[in-house]
$ cat run-v6.cif   # mmCIF, C-alpha atoms
data_my_file
#
loop_
_atom_site.label_atom_id
_atom_site.label_comp_id
_atom_site.auth_asym_id
_atom_site.auth_seq_id
_atom_site.Cartn_x
_atom_site.Cartn_y
_atom_site.Cartn_z
CA VAL A 1019 6.39 -13.84 4.40
CA LYS A 1020 5.29 -17.01 2.67
CA THR A 1021 3.86 -16.35 -0.79
CA ILE A 1022 0.23 -17.07 -1.63
CA PRO A 1023 -0.15 -19.84 -4.22
CA TRP A 1024 -1.25 -18.54 -7.63
CA GLU A 1025 -4.48 -20.54 -7.56
CA ALA A 1026 -5.55 -18.76 -4.35
CA VAL A 1027 -4.58 -15.39 -5.85
CA ARG A 1028 -6.60 -16.11 -8.98
CA GLU A 1029 -9.65 -17.11 -6.92
CA ALA A 1030 -9.36 -13.95 -4.81
CA ILE A 1031 -9.19 -11.70 -7.90
CA GLU A 1032 -12.15 -13.39 -9.55
CA ALA A 1033 -14.26 -13.31 -6.37
CA GLU A 1034 -13.60 -9.59 -5.87
CA LEU A 1035 -13.88 -8.42 -9.49
CA GLY A 1036 -16.57 -10.83 -10.68
CA GLY A 1037 -14.96 -12.36 -13.74
CA PRO A 1038 -12.23 -14.69 -15.01
CA VAL A 1039 -8.68 -13.35 -14.72
CA GLY A 1040 -8.19 -14.03 -18.44
CA GLU A 1041 -11.04 -11.65 -19.28
CA LEU A 1042 -10.17 -8.99 -16.70
CA TYR A 1043 -6.52 -8.70 -17.73
CA VAL A 1044 -4.48 -9.25 -20.88
CA ARG A 1045 -1.86 -11.00 -18.76
CA VAL A 1046 -1.01 -11.60 -15.11
CA ASP A 1047 2.36 -12.98 -14.05
CA GLU A 1048 1.81 -15.93 -11.73
CA LYS A 1049 5.10 -15.25 -9.92
CA PRO A 1050 4.60 -12.38 -7.43
CA LEU A 1051 6.59 -9.16 -7.45
CA ALA A 1052 6.32 -8.93 -3.67
CA SER A 1053 4.57 -10.66 -0.80
CA ALA A 1054 3.74 -8.96 2.51
CA SER A 1055 1.63 -9.60 5.58
CA ILE A 1056 -1.63 -8.17 4.20
CA ALA A 1057 -1.29 -8.51 0.43
CA GLN A 1058 0.68 -9.88 -2.48
CA VAL A 1059 1.53 -7.97 -5.67
CA HIS A 1060 1.61 -9.37 -9.19
CA ARG A 1061 2.66 -7.65 -12.39
CA GLY A 1062 0.27 -7.73 -15.33
CA VAL A 1063 -1.17 -5.96 -18.35
CA TRP A 1064 -4.64 -4.40 -18.44
CA ARG A 1065 -6.44 -3.10 -21.51
CA GLY A 1066 -8.37 0.06 -20.71
CA PRO A 1067 -10.03 2.75 -22.82
CA GLU A 1068 -6.61 4.15 -23.76
CA GLY A 1069 -5.07 0.80 -24.67
CA GLU A 1070 -2.82 -1.65 -22.87
CA ARG A 1071 -1.19 -0.57 -19.62
CA ASP A 1072 1.49 -2.23 -17.47
CA VAL A 1073 -0.02 -2.67 -14.03
CA ALA A 1074 0.73 -3.89 -10.53
CA ILE A 1075 -2.12 -5.90 -8.99
CA LYS A 1076 -2.30 -5.86 -5.21
CA VAL A 1077 -4.34 -8.80 -3.90
CA GLN A 1078 -5.39 -9.16 -0.28
CA ARG A 1079 -4.40 -12.39 1.41
CA PRO A 1080 -7.33 -14.81 1.66
CA GLY A 1081 -8.49 -15.04 5.27
CA ILE A 1082 -6.47 -12.01 6.44
CA GLN A 1083 -9.58 -10.27 7.79
CA ALA A 1084 -10.31 -13.19 10.13
CA THR A 1085 -6.64 -13.34 11.20
CA VAL A 1086 -6.57 -9.61 11.97
CA THR A 1087 -9.86 -9.80 13.89
CA ARG A 1088 -8.54 -12.67 15.99
CA ASP A 1089 -5.27 -10.91 16.72
CA ILE A 1090 -7.01 -7.63 17.61
CA ASP A 1091 -9.37 -9.48 20.00
CA LEU A 1092 -6.31 -10.98 21.68
CA LEU A 1093 -4.66 -7.56 22.00
CA TYR A 1094 -7.83 -6.11 23.59
CA TRP A 1095 -7.86 -9.00 26.09
CA LEU A 1096 -4.20 -8.43 26.96
CA ALA A 1097 -4.68 -4.65 27.29
CA ARG A 1098 -7.64 -5.08 29.65
CA ALA A 1099 -5.74 -7.66 31.71
CA LEU A 1100 -2.80 -5.26 31.92
CA GLU A 1101 -4.99 -2.42 33.19
CA ARG A 1102 -6.62 -4.70 35.78
CA THR A 1103 -3.43 -6.24 37.14
CA ILE A 1104 -1.00 -3.32 36.85
CA PRO A 1105 -2.85 -0.09 37.77
CA GLU A 1106 0.22 2.00 36.85
CA SER A 1107 -0.25 0.95 33.21
CA ARG A 1108 -3.50 2.91 32.99
CA ARG A 1109 -1.63 6.18 32.50
CA TYR A 1110 -0.60 4.81 29.09
CA ASN A 1111 -4.18 3.81 28.14
CA PRO A 1112 -3.40 0.31 26.76
CA VAL A 1113 -6.99 -0.27 25.62
CA ASP A 1114 -7.06 3.06 23.80
CA LEU A 1115 -3.77 2.22 22.09
CA VAL A 1116 -5.23 -1.06 20.83
CA ALA A 1117 -8.37 0.76 19.66
CA GLU A 1118 -6.25 3.17 17.64
CA PHE A 1119 -4.33 0.28 16.06
CA ASP A 1120 -7.67 -1.46 15.40
CA ARG A 1121 -8.99 1.54 13.44
CA SER A 1122 -5.74 1.85 11.51
CA ILE A 1123 -5.44 -1.81 10.48
CA GLN A 1124 -9.12 -2.03 9.48
CA ALA A 1125 -8.63 0.97 7.20
CA GLU A 1126 -5.54 -0.67 5.70
CA LEU A 1127 -7.64 -3.69 4.76
CA ASP A 1128 -9.92 -1.50 2.60
CA PHE A 1129 -8.14 -1.07 -0.73
CA ALA A 1130 -10.92 1.23 -1.99
CA GLN A 1131 -9.80 3.72 0.64
CA GLU A 1132 -6.18 3.24 -0.43
CA ALA A 1133 -7.23 4.02 -4.01
CA ASP A 1134 -8.96 7.21 -2.84
CA HIS A 1135 -5.80 8.24 -1.00
CA ALA A 1136 -3.54 7.58 -4.00
CA GLU A 1137 -5.76 9.80 -6.15
CA ARG A 1138 -5.78 12.50 -3.48
CA PHE A 1139 -1.97 12.46 -3.36
CA ALA A 1140 -1.82 12.78 -7.15
CA LYS A 1141 -4.19 15.77 -7.03
CA ASN A 1142 -2.21 17.43 -4.20
CA PHE A 1143 1.01 17.12 -6.22
CA GLU A 1144 -0.46 17.87 -9.65
CA GLY A 1145 2.17 19.63 -11.74
CA ASP A 1146 4.97 18.87 -9.25
CA ALA A 1147 7.87 17.32 -11.18
CA ARG A 1148 9.55 15.97 -8.02
CA VAL A 1149 7.13 13.15 -7.33
CA ARG A 1150 4.80 10.70 -9.01
CA PHE A 1151 2.03 8.45 -7.71
CA PRO A 1152 0.71 5.42 -9.62
CA VAL A 1153 -2.54 5.87 -11.52
CA ILE A 1154 -5.36 3.76 -10.07
CA HIS A 1155 -7.38 1.69 -12.55
CA ARG A 1156 -10.87 1.66 -11.01
CA PRO A 1157 -12.57 -0.85 -13.37
CA VAL A 1158 -10.28 -3.59 -12.02
CA SER A 1159 -10.08 -2.48 -8.39
CA GLY A 1160 -12.21 -3.11 -5.32
CA ARG A 1161 -11.93 -3.44 -1.55
CA ARG A 1162 -9.62 -6.47 -1.76
CA VAL A 1163 -7.93 -6.00 -5.14
CA LEU A 1164 -6.13 -2.83 -6.22
CA THR A 1165 -4.86 -2.42 -9.78
CA MET A 1166 -2.46 0.46 -10.31
CA GLU A 1167 0.05 1.74 -12.80
CA TYR A 1168 3.34 -0.17 -12.68
CA LEU A 1169 6.09 2.33 -11.93
CA ASP A 1170 9.15 0.97 -13.71
CA GLY A 1171 11.91 2.60 -11.68
CA TYR A 1172 14.95 1.82 -9.56
CA GLY A 1173 15.15 0.82 -5.94
CA LEU A 1174 17.38 3.11 -3.86
CA HIS A 1175 20.55 1.04 -4.07
CA ALA A 1176 20.07 0.35 -7.78
CA ALA A 1177 19.49 4.08 -8.39
CA LEU A 1178 22.82 4.95 -6.78
CA ALA A 1179 24.55 2.29 -8.86
CA ALA A 1180 22.91 3.80 -11.97
CA GLY A 1181 24.45 7.20 -11.28
CA PHE A 1182 21.70 8.99 -9.35
CA ASP A 1183 22.79 11.42 -6.62
CA GLY A 1184 21.67 10.06 -3.24
CA LYS A 1185 21.76 13.49 -1.60
CA ARG A 1186 19.49 14.97 -4.24
CA ILE A 1187 17.03 12.07 -3.98
CA ALA A 1188 16.96 12.51 -0.20
CA GLU A 1189 16.38 16.26 -0.50
CA GLU A 1190 13.54 15.78 -2.98
CA ALA A 1191 11.93 13.10 -0.82
CA VAL A 1192 12.14 15.22 2.33
CA GLY A 1193 10.64 18.15 0.42
CA VAL A 1194 7.71 15.96 -0.61
CA VAL A 1195 7.14 14.78 2.97
CA ILE A 1196 7.29 18.37 4.28
CA LYS A 1197 4.63 19.44 1.77
CA MET A 1198 2.44 16.48 2.77
CA ALA A 1199 2.72 17.12 6.49
CA PHE A 1200 2.81 20.91 6.74
CA GLU A 1201 0.94 22.14 3.67
CA ASP A 1202 -1.57 19.42 2.78
CA GLY A 1203 -2.14 17.85 6.22
CA PHE A 1204 -2.38 14.51 4.40
CA PHE A 1205 0.73 12.35 4.39
CA HIS A 1206 2.12 8.96 3.38
CA ALA A 1207 2.31 6.95 6.60
CA ASP A 1208 4.59 4.14 5.36
CA PRO A 1209 7.42 5.66 3.28
CA HIS A 1210 9.90 2.81 3.65
CA PRO A 1211 12.32 1.96 0.80
CA GLY A 1212 10.04 -0.79 -0.55
CA ASN A 1213 7.39 1.86 -1.27
CA LEU A 1214 9.78 4.15 -3.12
CA LYS A 1215 10.96 4.03 -6.73
CA VAL A 1216 13.43 6.37 -8.36
CA LEU A 1217 12.22 7.42 -11.80
CA GLY A 1218 13.45 9.89 -14.39
CA THR A 1219 17.14 10.46 -15.06
CA PRO A 1220 20.15 11.28 -12.85
CA GLU A 1221 19.85 14.87 -14.12
CA ALA A 1222 16.13 15.04 -13.31
CA PRO A 1223 15.20 12.40 -10.71
CA VAL A 1224 11.57 11.76 -9.78
CA VAL A 1225 10.45 10.13 -6.53
CA GLY A 1226 7.81 7.48 -7.20
CA LEU A 1227 5.70 6.74 -4.11
CA LEU A 1228 3.64 3.56 -3.85
#
$ encode --input "run-v6.cif" --output "structure tokens"
Amino acid sequence: VKTIPWEAVREAIEAELGGPVGELYVRVDEKPLASASIAQVHRGVWRGPEGERDVAIKVQRPGIQATVTRDIDLLYWLARALERTIPESRRYNPVDLVAEFDRSIQAELDFAQEADHAERFAKNFEGDARVRFPVIHRPVSGRRVLTMEYLDGYGLHAALAAGFDGKRIAEEAVGVVIKMAFEDGFFHADPHPGNLKVLGTPEAPVVGLL
């Protein structure tokens, strides 16, 4: 999607965290690492109690809440119209489907909840060498800005080119998902390649989950 101009990103960070970007962080790259429908991510450096840390700063798109609310209202209208005009559609509960999506997308807009979940994943996998989750930096995080450890790893294709074994990575990743779903009952709901980094070495790969 179209990137958010840096000035708008800066204003969003300062409005959420209550201070100038130059005081909150040692450095923030104005060019984004990634830009998606709900948020944009910038690389930076934050100085915490243990010194400087490379971080990824996830910033919610300005005005996205209003856009989502408008779109959800439209979906509710369409679902109700569908149930009124096509009685057979009621067996699929269109309004209930929209309500479920409504709850899900509203939760996704709350980065404080995402931070809680990242910390819960880290606790669930504590001591597990197969997987790693980014550390959340709470002093520079809020509901619309999330600052986390920058995981400096490979994307999937780059990992294969660097000598990692694709079959082993797949087996490790599936093992992690099985533990999430069947042991913890708490799982990553968006494990697409953009949310996965390959860390470690070809001899000892580590799945990094964003």
$ resolve_selection --input "run-v6.cif" --expression "the PyMOL selection byres ((chain A and resi 1067-1080) around 8)" --output "JSON list (two decimals) with C-alpha atoms, keeping the file's coordinate frame"
[["chain", "number", "residue", "atom", "x", "y", "z"],
["A", 1022, "ILE", "CA", 0.23, -17.07, -1.63],
["A", 1026, "ALA", "CA", -5.55, -18.76, -4.35],
["A", 1027, "VAL", "CA", -4.58, -15.39, -5.85],
["A", 1030, "ALA", "CA", -9.36, -13.95, -4.81],
["A", 1031, "ILE", "CA", -9.19, -11.70, -7.90],
["A", 1055, "SER", "CA", 1.63, -9.60, 5.58],
["A", 1056, "ILE", "CA", -1.63, -8.17, 4.20],
["A", 1057, "ALA", "CA", -1.29, -8.51, 0.43],
["A", 1058, "GLN", "CA", 0.68, -9.88, -2.48],
["A", 1059, "VAL", "CA", 1.53, -7.97, -5.67],
["A", 1060, "HIS", "CA", 1.61, -9.37, -9.19],
["A", 1061, "ARG", "CA", 2.66, -7.65, -12.39],
["A", 1062, "GLY", "CA", 0.27, -7.73, -15.33],
["A", 1063, "VAL", "CA", -1.17, -5.96, -18.35],
["A", 1064, "TRP", "CA", -4.64, -4.40, -18.44],
["A", 1065, "ARG", "CA", -6.44, -3.10, -21.51],
["A", 1066, "GLY", "CA", -8.37, 0.06, -20.71],
["A", 1081, "GLY", "CA", -8.49, -15.04, 5.27],
["A", 1082, "ILE", "CA", -6.47, -12.01, 6.44],
["A", 1083, "GLN", "CA", -9.58, -10.27, 7.79],
["A", 1127, "LEU", "CA", -7.64, -3.69, 4.76],
["A", 1162, "ARG", "CA", -9.62, -6.47, -1.76],
["A", 1163, "VAL", "CA", -7.93, -6.00, -5.14],
["A", 1164, "LEU", "CA", -6.13, -2.83, -6.22],
["A", 1165, "THR", "CA", -4.86, -2.42, -9.78],
["A", 1166, "MET", "CA", -2.46, 0.46, -10.31],
["A", 1167, "GLU", "CA", 0.05, 1.74, -12.80],
["A", 1168, "TYR", "CA", 3.34, -0.17, -12.68]]
$ atom_distance --input "run-v6.cif" --atom1 "atom CA of A:Leu1035" --atom2 "atom CA of A:Asp1128"
14.5 Å
$ resolve_selection --input "run-v6.cif" --expression "the PyMOL selection byres ((chain A and resi 1195-1212) around 8)" --output "short mmCIF file (atom, residue, chain, number, x, y, z; two decimals) with C-alpha atoms, keeping the file's coordinate frame"
data_model
loop_
_atom_site.label_atom_id
_atom_site.label_comp_id
_atom_site.auth_asym_id
_atom_site.auth_seq_id
_atom_site.Cartn_x
_atom_site.Cartn_y
_atom_site.Cartn_z
CA ASN A 1142 -2.21 17.43 -4.20
CA GLY A 1173 15.15 0.82 -5.94
CA LEU A 1174 17.38 3.11 -3.86
CA ALA A 1191 11.93 13.10 -0.82
CA VAL A 1192 12.14 15.22 2.33
CA GLY A 1193 10.64 18.15 0.42
CA VAL A 1194 7.71 15.96 -0.61
CA ASN A 1213 7.39 1.86 -1.27
CA LEU A 1214 9.78 4.15 -3.12
CA LYS A 1215 10.96 4.03 -6.73
CA LEU A 1227 5.70 6.74 -4.11
#
$ atom_distance --input "run-v6.cif" --atom1 "atom CA of A:Ala1033" --atom2 "atom CA of A:Ser1122"
24.9 Å
$ atom_distance --input "run-v6.cif" --atom1 "atom CA of A:Ala1054" --atom2 "atom CA of A:Val1019"
5.9 Å
$ resolve_selection --input "run-v6.cif" --expression "the PyMOL selection byres ((chain A and resi 1182) around 10)" --output "PyMOL selection string"
chain A and resi 1172+1174-1181+1183-1187+1216-1223
$ closest_residue --input "run-v6.cif" --among "A:Tyr1043, A:Lys1141, A:Glu1029, A:Ala1097" --to "A:His1155" --atoms "all atoms listed in the file"
A:Tyr1043
$ closest_residue --input "run-v6.cif" --among "A:Gln1124, A:Leu1100, A:Ala1130, A:Glu1137" --to "A:Ser1159" --atoms "only C-alpha atoms"
A:Ala1130
$ residues_around --input "run-v6.cif" --residues "A:Leu1096" --least-positions-apart "4" --cutoff "9 Å" --atoms "all atoms listed in the file" --output "list in words"
Asp1091, Leu1092, Leu1100, Glu1101, Pro1112 and Val1113 of chain A
$ residues_around --input "run-v6.cif" --residues "A:Gly1040" --least-positions-apart "6" --cutoff "10 Å" --atoms "all atoms listed in the file" --output "list of chain:residue names"
A:Arg1028, A:Glu1032, A:Val1046
$ write_last_selection --input "run-v6.cif" --atoms "C-alpha atoms" --output "PDB file, in the frame of the given file"
ATOM      1  CA  ARG A1028      -6.600 -16.110  -8.980  1.00  0.00           C
ATOM      2  CA  GLU A1032     -12.150 -13.390  -9.550  1.00  0.00           C
ATOM      3  CA  VAL A1046      -1.010 -11.600 -15.110  1.00  0.00           C
TER       4      VAL A1046
END
$ closest_residue --input "run-v6.cif" --among "A:Val1225, A:Arg1102, A:Tyr1110, A:Val1039" --to "A:Phe1143" --atoms "only C-alpha atoms"
A:Val1225
